[in-house]
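Engineer: Below you'll find query34.txt; it's compact mmCIF, C-alpha atoms.
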```txt
# COMPACT_ATOMS: atom_id res chain seq x y z
CA MET A 19 161.90 -8.17 174.45
CA VAL A 20 165.22 -6.28 174.50
CA LEU A 21 164.45 -4.98 171.03
CA ALA A 22 161.02 -3.76 172.16
CA PHE A 23 162.57 -2.04 175.16
CA ASP A 24 165.14 -0.30 172.93
CA ALA A 25 162.45 0.85 170.51
CA GLY A 26 160.36 2.20 173.39
CA ASN A 27 163.39 3.91 174.87
CA THR A 28 164.23 5.62 171.57
CA LEU A 29 160.62 6.73 171.15
CA VAL A 30 160.55 8.23 174.65
CA TRP A 31 163.83 10.05 173.94
CA ILE A 32 162.41 11.53 170.73
CA VAL A 33 159.25 12.70 172.51
CA TRP A 34 161.36 14.11 175.34
CA VAL A 35 163.67 16.08 173.01
CA VAL A 36 160.73 17.55 171.09
CA ALA A 37 158.84 18.48 174.28
CA ALA A 38 161.91 19.90 176.03
CA PHE A 39 162.90 22.11 173.10
CA ALA A 40 159.28 23.24 172.62
CA CYS A 41 159.23 24.08 176.32
CA LEU A 42 162.46 26.09 176.30
CA GLY A 43 161.72 27.79 172.97
CA SER A 44 158.23 28.89 173.98
CA GLY A 45 159.60 30.07 177.34
CA LEU A 46 162.10 32.31 175.56
CA ALA A 47 159.31 33.44 173.23
CA VAL A 48 157.16 34.53 176.20
CA VAL A 49 160.02 36.71 177.46
CA SER A 50 161.00 38.15 174.08
CA PHE A 51 157.67 38.86 172.29
CA THR A 52 156.69 42.53 172.32
CA ASN A 53 152.93 41.92 172.16
CA PRO A 54 151.50 40.47 175.41
CA PHE A 55 148.89 38.57 173.40
CA PHE A 56 151.58 36.55 171.59
CA SER A 57 153.41 36.05 174.89
CA ALA A 58 150.27 34.51 176.40
CA LEU A 59 149.82 32.25 173.37
CA ALA A 60 153.47 31.13 173.70
CA LEU A 61 152.85 30.37 177.37
CA ILE A 62 149.98 28.06 176.38
CA GLY A 63 152.45 26.16 174.18
CA ASN A 64 154.91 26.08 177.07
CA LEU A 65 152.28 24.60 179.41
CA GLY A 66 151.30 21.97 176.84
CA ALA A 67 154.93 20.90 176.36
CA LEU A 68 155.35 20.72 180.15
CA ALA A 69 152.28 18.47 180.37
CA VAL A 70 154.03 16.07 177.94
CA LEU A 71 157.12 16.07 180.20
CA TYR A 72 154.88 15.33 183.21
CA LEU A 73 153.38 12.37 181.33
CA LEU A 74 156.88 11.02 180.65
CA LEU A 75 157.56 11.27 184.41
CA SER A 76 154.40 9.16 184.99
CA ALA A 77 152.47 12.03 186.59
CA GLU A 78 149.25 11.51 184.63
CA PHE A 79 146.94 13.33 187.00
CA VAL A 80 149.21 16.38 187.30
CA ALA A 81 149.50 16.53 183.49
CA ALA A 82 145.71 16.49 183.13
CA ALA A 83 145.33 19.14 185.85
CA GLN A 84 148.01 21.23 184.13
CA VAL A 85 146.10 21.24 180.84
CA LEU A 86 142.71 21.83 182.47
CA VAL A 87 143.66 24.39 185.12
CA TYR A 88 146.55 26.22 183.49
CA ALA A 89 146.15 25.99 179.74
CA GLY A 90 142.37 26.07 180.15
CA ALA A 91 141.22 28.31 182.96
CA VAL A 92 144.20 30.51 183.89
CA MET A 93 145.25 31.30 180.32
CA VAL A 94 141.67 32.13 179.28
CA MET A 95 141.64 34.64 182.14
CA PHE A 96 144.96 36.07 180.93
CA LEU A 97 143.73 36.38 177.36
CA PHE A 98 140.50 38.08 178.51
CA VAL A 99 142.43 40.68 180.49
CA ILE A 100 144.90 41.29 177.64
CA ALA A 101 142.00 41.72 175.21
CA TYR A 102 140.28 44.04 177.70
CA LEU A 103 143.36 46.24 178.12
CA GLY A 104 144.21 46.21 174.43
CA GLY A 105 147.51 44.85 173.16
CA ARG A 106 149.99 47.53 174.21
CA ALA A 107 153.34 46.72 172.67
CA ASP A 108 156.27 46.76 175.05
CA ALA A 109 159.60 46.00 173.44
CA PRO A 110 161.86 44.05 175.79
CA TRP A 111 164.84 46.26 174.99
CA ALA A 112 163.10 49.65 174.83
CA GLY A 113 163.37 52.22 177.61
CA GLY A 114 165.12 51.92 180.91
CA PRO A 115 168.85 52.34 181.38
CA SER A 116 171.00 49.73 179.70
CA TRP A 117 172.77 48.82 182.94
CA GLN A 118 169.41 47.53 184.20
CA GLN A 119 169.10 45.19 181.23
CA VAL A 120 172.67 43.96 181.57
CA GLY A 121 172.06 43.49 185.30
CA ALA A 122 168.85 41.53 184.60
CA ILE A 123 170.63 39.16 182.22
CA GLY A 124 173.52 38.78 184.68
CA ALA A 125 171.18 38.04 187.57
CA ALA A 126 169.21 35.46 185.55
CA GLY A 127 172.48 33.77 184.52
CA ALA A 128 173.63 33.78 188.14
CA ILE A 129 170.36 32.10 189.23
CA LEU A 130 170.87 29.40 186.56
CA VAL A 131 174.46 28.74 187.66
CA GLU A 132 173.37 28.67 191.31
CA ILE A 133 170.64 26.09 190.65
CA VAL A 134 172.98 23.85 188.66
CA VAL A 135 175.75 24.05 191.28
CA ALA A 136 173.35 23.47 194.19
CA ILE A 137 171.71 20.41 192.60
CA GLY A 138 175.05 19.08 191.40
CA LEU A 139 176.62 19.35 194.85
CA LYS A 140 173.64 17.96 196.76
CA ALA A 141 172.39 15.19 194.53
CA GLY A 142 174.85 14.84 191.66
CA GLY A 143 175.92 11.27 192.26
CA ARG A 144 172.55 9.89 193.30
CA LEU A 145 170.42 11.00 190.35
CA SER A 146 171.40 8.14 188.07
CA HIS A 147 169.69 5.24 189.84
CA GLN A 148 165.99 5.66 190.36
CA HIS A 149 163.45 3.87 192.47
CA GLU A 150 161.13 1.44 190.79
CA ILE A 151 157.51 2.52 190.83
CA HIS A 152 154.21 0.70 190.60
CA GLY A 153 151.94 1.03 187.59
CA SER A 154 149.48 3.13 189.62
CA PHE A 155 152.07 5.83 190.37
CA GLY A 156 150.60 9.25 189.59
CA SER A 157 147.10 7.94 189.02
CA PRO A 158 144.07 9.88 190.33
CA ARG A 159 143.56 7.10 192.89
CA MET A 160 147.03 7.60 194.38
CA ILE A 161 146.74 11.41 194.36
CA GLY A 162 143.32 11.29 195.99
CA ARG A 163 144.45 8.84 198.67
CA LEU A 164 147.50 10.99 199.50
CA PHE A 165 145.47 14.18 199.58
CA LEU A 166 142.87 12.73 201.94
CA THR A 167 145.28 10.90 204.27
CA ASP A 168 148.89 12.10 204.52
CA HIS A 169 148.43 15.60 203.10
CA LEU A 170 144.97 16.50 204.38
CA LEU A 171 146.22 19.76 205.95
CA ALA A 172 147.75 20.89 202.64
CA PHE A 173 144.45 20.08 200.90
CA GLU A 174 142.44 22.18 203.36
CA ILE A 175 144.92 25.08 203.29
CA THR A 176 144.76 25.05 199.48
CA SER A 177 140.99 25.46 199.62
CA VAL A 178 141.34 28.39 202.04
CA VAL A 179 143.94 30.02 199.77
CA LEU A 180 141.63 29.72 196.77
CA LEU A 181 138.73 31.18 198.76
CA ILE A 182 140.82 34.15 199.91
CA ALA A 183 142.03 34.74 196.33
CA ALA A 184 138.42 34.73 195.07
CA ILE A 185 137.38 37.23 197.77
CA GLY A 186 140.43 39.39 196.95
CA GLY A 187 139.55 39.40 193.25
CA VAL A 188 135.99 40.51 194.00
CA ILE A 189 137.19 43.26 196.36
CA LEU A 190 139.74 44.57 193.85
CA GLY A 191 137.12 44.62 191.09
CA SER A 192 134.38 46.34 193.10
CA HIS A 193 136.79 48.92 194.56
CA SER A 194 138.02 50.07 191.16
CA ARG A 195 134.43 50.23 189.87
CA LYS A 196 133.55 52.59 192.72
CA LEU A 197 136.55 54.77 191.89
CA ALA A 198 135.58 54.92 188.22
CA GLY A 199 132.02 55.93 189.24
CA GLU A 200 133.36 58.74 191.45
CA LYS A 201 135.48 60.00 188.59
CA THR A 202 132.57 60.28 186.18
CA VAL A 203 130.32 62.10 188.72
CA MET B 25 153.87 -4.50 188.20
CA THR B 26 156.97 -2.36 188.64
CA LEU B 27 158.29 0.00 186.04
CA GLY B 28 161.80 1.19 185.32
CA ILE B 29 162.27 4.51 183.61
CA LEU B 30 162.33 4.88 179.85
CA GLY B 31 164.13 7.70 178.13
CA PRO B 32 166.26 10.36 179.81
CA GLU B 33 167.30 10.33 183.44
CA VAL B 34 165.96 12.74 186.02
CA SER B 35 168.98 15.04 185.66
CA TRP B 36 167.87 15.95 182.11
CA TYR B 37 164.48 17.05 183.41
CA LEU B 38 166.21 19.05 186.13
CA ALA B 39 168.31 20.82 183.49
CA VAL B 40 165.14 21.81 181.61
CA SER B 41 163.57 23.01 184.84
CA ALA B 42 166.63 25.12 185.72
CA PHE B 43 166.59 26.73 182.28
CA LEU B 44 162.85 27.43 182.57
CA PHE B 45 163.32 29.03 185.99
CA ALA B 46 166.17 31.22 184.72
CA THR B 47 164.13 32.22 181.65
CA GLY B 48 161.23 33.24 183.87
CA ALA B 49 163.58 35.17 186.18
CA LEU B 50 164.99 36.97 183.14
CA GLY B 51 161.48 37.97 182.08
CA VAL B 52 160.56 39.18 185.57
CA LEU B 53 163.72 41.30 185.80
CA LEU B 54 163.81 42.56 182.21
CA ARG B 55 160.23 43.33 181.16
CA ARG B 56 158.30 46.36 182.31
CA SER B 57 154.75 45.39 181.36
CA PRO B 58 153.15 43.86 184.49
CA LEU B 59 151.22 41.43 182.28
CA ILE B 60 154.43 39.91 180.92
CA VAL B 61 155.96 39.94 184.41
CA LEU B 62 153.01 37.77 185.53
CA LEU B 63 153.45 35.46 182.53
CA SER B 64 157.17 35.10 183.38
CA LEU B 65 156.26 34.33 186.99
CA GLU B 66 154.13 31.47 185.68
CA ILE B 67 157.19 30.14 183.83
CA MET B 68 159.20 30.26 187.07
CA LEU B 69 156.48 28.39 188.97
CA ASN B 70 156.29 25.78 186.23
CA GLY B 71 160.04 25.30 186.31
CA ALA B 72 159.79 24.59 190.02
CA ASN B 73 156.85 22.24 189.37
CA LEU B 74 158.86 20.27 186.83
CA ALA B 75 161.69 19.83 189.35
CA LEU B 76 159.20 18.68 192.01
CA ILE B 77 157.66 16.09 189.69
CA ALA B 78 161.07 14.91 188.49
CA PHE B 79 162.20 14.37 192.09
CA ALA B 80 158.89 12.63 192.89
CA ARG B 81 159.62 10.17 190.05
CA HIS B 82 163.21 9.78 191.22
CA GLN B 83 162.24 8.98 194.80
CA GLY B 84 159.19 6.92 193.81
CA ASN B 85 157.17 9.01 196.29
CA GLY B 86 153.95 10.84 195.48
CA ALA B 87 154.48 13.77 197.86
CA GLY B 88 156.21 15.81 195.15
CA GLN B 89 153.16 15.55 192.91
CA ILE B 90 150.94 16.70 195.79
CA PHE B 91 153.24 19.68 196.27
CA ALA B 92 153.08 20.45 192.54
CA LEU B 93 149.27 20.47 192.66
CA ALA B 94 149.36 22.84 195.65
CA VAL B 95 151.74 25.12 193.71
CA MET B 96 149.26 25.08 190.83
CA ALA B 97 146.45 26.25 193.13
CA VAL B 98 148.66 29.01 194.55
CA ALA B 99 149.60 30.07 191.00
CA ALA B 100 145.93 30.31 190.05
CA SER B 101 145.26 32.48 193.13
CA GLU B 102 148.26 34.67 192.30
CA VAL B 103 146.97 35.19 188.76
CA VAL B 104 143.53 36.21 190.04
CA VAL B 105 144.95 38.82 192.41
CA GLY B 106 147.63 40.02 189.95
CA LEU B 107 145.18 40.46 187.08
CA GLY B 108 142.73 42.19 189.43
CA LEU B 109 145.47 44.64 190.38
CA ILE B 110 146.42 45.23 186.73
CA VAL B 111 142.80 45.92 185.77
CA ALA B 112 142.43 48.27 188.79
CA ILE B 113 145.63 50.11 187.77
CA SER B 114 144.51 50.53 184.18
CA ARG B 115 141.07 51.81 185.29
CA ARG B 116 142.80 54.65 187.10
CA ASN B 117 144.52 55.52 183.80
CA LEU B 118 148.00 54.84 185.14
CA ASP B 119 150.80 53.62 182.91
CA LEU B 120 151.19 49.85 182.89
CA ASP B 121 154.93 50.03 183.60
CA VAL B 122 156.47 48.48 186.68
CA ASP B 123 159.26 51.11 186.65
CA LYS B 124 156.72 53.93 186.97
CA LEU B 125 154.53 52.24 189.60
CA ARG B 126 156.81 53.02 192.53
CA THR B 127 154.47 54.24 195.24
CA LEU B 128 151.49 52.54 196.82
CA ARG B 129 149.45 55.75 196.65
CA GLY B 130 148.80 55.31 192.92
```
What would you get if you wrote out this structure as C-alpha cells?
Structural biologist:
Amino acid sequence: MVLAFDAGNTLVWIVWVVAAFACLGSGLAVVSFTNPFFSALALIGNLGALAVLYLLLSAEFVAAAQVLVYAGAVMVMFLFVIAYLGGRADAPWAGGPSWQQVGAIGAAGAILVEIVVAIGLKAGGRLSHQHEIHGSFGSPRMIGRLFLTDHLLAFEITSVVLLIAAIGGVILGSHSRKLAGEKTV
Amino acid sequence: MTLGILGPEVSWYLAVSAFLFATGALGVLLRRSPLIVLLSLEIMLNGANLALIAFARHQGNGAGQIFALAVMAVAASEVVVGLGLIVAISRRNLDLDVDKLRTLRG
C-alpha cells in the first residue's frame, strides 16, 4: 500500500513537472514569437498544459471546460481573425524607445515579486496542510449543484455578460461594415 | 471516500500561476500588436484561474472553481469584443499598433 502510494506520488510529480514546464515555456513563447499565428498556437499548448494542472488539482469539470471553451472555441476565433488580418510580423524588440522595454520588464518583475511576497506573507505557513476532499470534488454534479444553489446570482450574471458581449460583437461588426460601404461609395 | 493530495503542494501551483501572470503582464506591456496583447491577457487570466483552482483544492471548497468558470466566461466575452475592435480598426486601414492608437477618434 505504501509502495503503491509512493509510485502514484512519483507519477503525479512527473506529470506535474512536465505540465508546469510546458505551461511556462509556451507562455514565454506566446510573448516572444514575432508571428501572431505562432503565438496563438503556443497559447493552445499553454491552455492544454493548464488543463492537465487542473486535473491534478481534481478540478475535472473546469479542465474539460478549459479544453472545450478556450482551446476549442476561443482559440478558433483567434486563429480566424489572425488569418483574416494576415500574419503581420511584429518583433517584440523592434520599435519603441528602449526605456519602454526596460520599464516593461521591470514592471513585470515587480508584479512577480509583489505576488510572491503577498502570498508568502498572507498564507505562507498555512499552505502545507490541506483539507481532505471527497471523491466527487470538482465533478459536474458538484459544480452544477453549487451553480444552481449557492452561486445562482453569479450564474445569471454570467449569462447576462455573455449576452451583452454577443450584442457588442454584432454591433462592432455591423458598424465597421457600414463604414467600409461609405468609403467605397 | 476522502482523498489526500498526491504530488506537489499547493504552493508549487501558486508559483506557476505567479510566473504565468508575470509573463502575461510582460507581454501586455512589451508587445505592440493588439492581437498579441489580447493573447497575453489570456495568459494573465489563466494564471489567476490556476491560483483560484489551487486555493479551491487547498480549502476543499468548490467556490474557487465556480469563480474560475465565471472568469472563463468573462474571458470569452473579452475576446469577442477585443477581436471585434481589432477587425473594425483594420477595416479602417489603421496601423495595428497600440502605440499609434492613442485617440478614440480613430
Engineer: Neighbourhood query: residues within 12 Å of (153.3, 24.7, 185.7), file coordinates, counting only C-alpha atoms; return as a ChimeraX atom specification.
Structural biologist: /A:41,45,61-72,80-89,92-93 /B:41,44-45,48,63-77,89,91-100
Engineer: Next, write the just-selected residues to a file, as a PDB file, in the frame of the given file, keeping C-alpha atoms as the atom set.
Structural biologist:
```
ATOM      1  CA  CYS A  41     159.230  24.080 176.320  1.00  0.00           C
ATOM      2  CA  GLY A  45     159.600  30.070 177.340  1.00  0.00           C
ATOM      3  CA  LEU A  61     152.850  30.370 177.370  1.00  0.00           C
ATOM      4  CA  ILE A  62     149.980  28.060 176.380  1.00  0.00           C
ATOM      5  CA  GLY A  63     152.450  26.160 174.180  1.00  0.00           C
ATOM      6  CA  ASN A  64     154.910  26.080 177.070  1.00  0.00           C
ATOM      7  CA  LEU A  65     152.280  24.600 179.410  1.00  0.00           C
ATOM      8  CA  GLY A  66     151.300  21.970 176.840  1.00  0.00           C
ATOM      9  CA  ALA A  67     154.930  20.900 176.360  1.00  0.00           C
ATOM     10  CA  LEU A  68     155.350  20.720 180.150  1.00  0.00           C
ATOM     11  CA  ALA A  69     152.280  18.470 180.370  1.00  0.00           C
ATOM     12  CA  VAL A  70     154.030  16.070 177.940  1.00  0.00           C
ATOM     13  CA  LEU A  71     157.120  16.070 180.200  1.00  0.00           C
ATOM     14  CA  TYR A  72     154.880  15.330 183.210  1.00  0.00           C
ATOM     15  CA  VAL A  80     149.210  16.380 187.300  1.00  0.00           C
ATOM     16  CA  ALA A  81     149.500  16.530 183.490  1.00  0.00           C
ATOM     17  CA  ALA A  82     145.710  16.490 183.130  1.00  0.00           C
ATOM     18  CA  ALA A  83     145.330  19.140 185.850  1.00  0.00           C
ATOM     19  CA  GLN A  84     148.010  21.230 184.130  1.00  0.00           C
ATOM     20  CA  VAL A  85     146.100  21.240 180.840  1.00  0.00           C
ATOM     21  CA  LEU A  86     142.710  21.830 182.470  1.00  0.00           C
ATOM     22  CA  VAL A  87     143.660  24.390 185.120  1.00  0.00           C
ATOM     23  CA  TYR A  88     146.550  26.220 183.490  1.00  0.00           C
ATOM     24  CA  ALA A  89     146.150  25.990 179.740  1.00  0.00           C
ATOM     25  CA  VAL A  92     144.200  30.510 183.890  1.00  0.00           C
ATOM     26  CA  MET A  93     145.250  31.300 180.320  1.00  0.00           C
TER      27      MET A  93
ATOM     28  CA  SER B  41     163.570  23.010 184.840  1.00  0.00           C
ATOM     29  CA  LEU B  44     162.850  27.430 182.570  1.00  0.00           C
ATOM     30  CA  PHE B  45     163.320  29.030 185.990  1.00  0.00           C
ATOM     31  CA  GLY B  48     161.230  33.240 183.870  1.00  0.00           C
ATOM     32  CA  LEU B  63     153.450  35.460 182.530  1.00  0.00           C
ATOM     33  CA  SER B  64     157.170  35.100 183.380  1.00  0.00           C
ATOM     34  CA  LEU B  65     156.260  34.330 186.990  1.00  0.00           C
ATOM     35  CA  GLU B  66     154.130  31.470 185.680  1.00  0.00           C
ATOM     36  CA  ILE B  67     157.190  30.140 183.830  1.00  0.00           C
ATOM     37  CA  MET B  68     159.200  30.260 187.070  1.00  0.00           C
ATOM     38  CA  LEU B  69     156.480  28.390 188.970  1.00  0.00           C
ATOM     39  CA  ASN B  70     156.290  25.780 186.230  1.00  0.00           C
ATOM     40  CA  GLY B  71     160.040  25.300 186.310  1.00  0.00           C
ATOM     41  CA  ALA B  72     159.790  24.590 190.020  1.00  0.00           C
ATOM     42  CA  ASN B  73     156.850  22.240 189.370  1.00  0.00           C
ATOM     43  CA  LEU B  74     158.860  20.270 186.830  1.00  0.00           C
ATOM     44  CA  ALA B  75     161.690  19.830 189.350  1.00  0.00           C
ATOM     45  CA  LEU B  76     159.200  18.680 192.010  1.00  0.00           C
ATOM     46  CA  ILE B  77     157.660  16.090 189.690  1.00  0.00           C
ATOM     47  CA  GLN B  89     153.160  15.550 192.910  1.00  0.00           C
ATOM     48  CA  PHE B  91     153.240  19.680 196.270  1.00  0.00           C
ATOM     49  CA  ALA B  92     153.080  20.450 192.540  1.00  0.00           C
ATOM     50  CA  LEU B  93     149.270  20.470 192.660  1.00  0.00           C
ATOM     51  CA  ALA B  94     149.360  22.840 195.650  1.00  0.00           C
ATOM     52  CA  VAL B  95     151.740  25.120 193.710  1.00  0.00           C
ATOM     53  CA  MET B  96     149.260  25.080 190.830  1.00  0.00           C
ATOM     54  CA  ALA B  97     146.450  26.250 193.130  1.00  0.00           C
ATOM     55  CA  VAL B  98     148.660  29.010 194.550  1.00  0.00           C
ATOM     56  CA  ALA B  99     149.600  30.070 191.000  1.00  0.00           C
ATOM     57  CA  ALA B 100     145.930  30.310 190.050  1.00  0.00           C
TER      58      ALA B 100
END
```
Engineer: Between CA of Arg115 (chain B) and CA of Val179 (chain A), what distance in Å does the model show, to one decimal?
Structural biologist: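 Separation of CA of Arg115 (chain B) and CA of Val179 (chain A): 26.3 Å.
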Engineer: Got a sec to pull out which chain B residues are within 7 Å of chain A, counting all atoms listed in the file, and send them as an NGL selection string?
Structural biologist: :B and (25-28 or 30-35 or 40 or 42-44 or 46-47 or 49-51 or 53-55 or 57 or 59-60 or 63-64 or 67 or 78 or 81-84 or 86 or 89-90 or 93-94 or 97 or 100-101 or 104-105 or 108-109 or 112 or 115)
Engineer: Quick one: distance from CA of Ala40 (chain A) to CA of Ala80 (chain B) in Å, one decimal?
Structural biologist: 22.9 Å
Engineer: At a cut-off of 8 Å, using all atoms listed in the file, what residues contact Leu120 (chain B)? Leave out same-chain residues fewer than 6 positions from it and give the result as a list in words.
Structural biologist: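 Residues meeting the cut-off are Arg56, Ser57, Pro58, Ile110, Ile113 and Ser114 of chain B.
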Engineer: Just the number, please: distance in Å from CA of Thr127 (chain B) to CA of Gly106 (chain B), one decimal.
Structural biologist: 16.6 Å
Engineer: Measuring atom to atom with all atoms listed in the file, identify which of B:Leu125, B:Ala87, B:Asn117, B:Val103 is nearest to Thr167 (chain A).
Structural biologist: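 The shortest atom-to-atom distance to Thr167 (chain A) comes from B:Ala87.
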Engineer: Would you please work out which residue, of A:Gly143, A:Ala25, A:Val36, A:Phe56, is nearest to Leu97 (chain A) when using all atoms listed in the file?
Structural biologist: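 Distance minimum relative to Leu97 (chain A) lands on A:Phe56.
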Engineer: Report as AutoDock Vina command-line options the centre and the edge lengths, in Å to one decimal, of the axis-aligned box holding every listed atom of region 26-39 of chain A, padded by 3 Å on each side.
Structural biologist:
```
--center_x 161.5 --center_y 12.2 --center_z 173.4 --size_x 11.4 --size_y 25.9 --size_z 11.3
```
Engineer: Taking all atoms listed in the file into account, name the residue in A:Trp117, A:Gly90, A:Leu139, A:Glu78 that is nearest to Pro158 (chain A).
Structural biologist: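 Of the candidates, the smallest distance to Pro158 (chain A) is held by A:Glu78.
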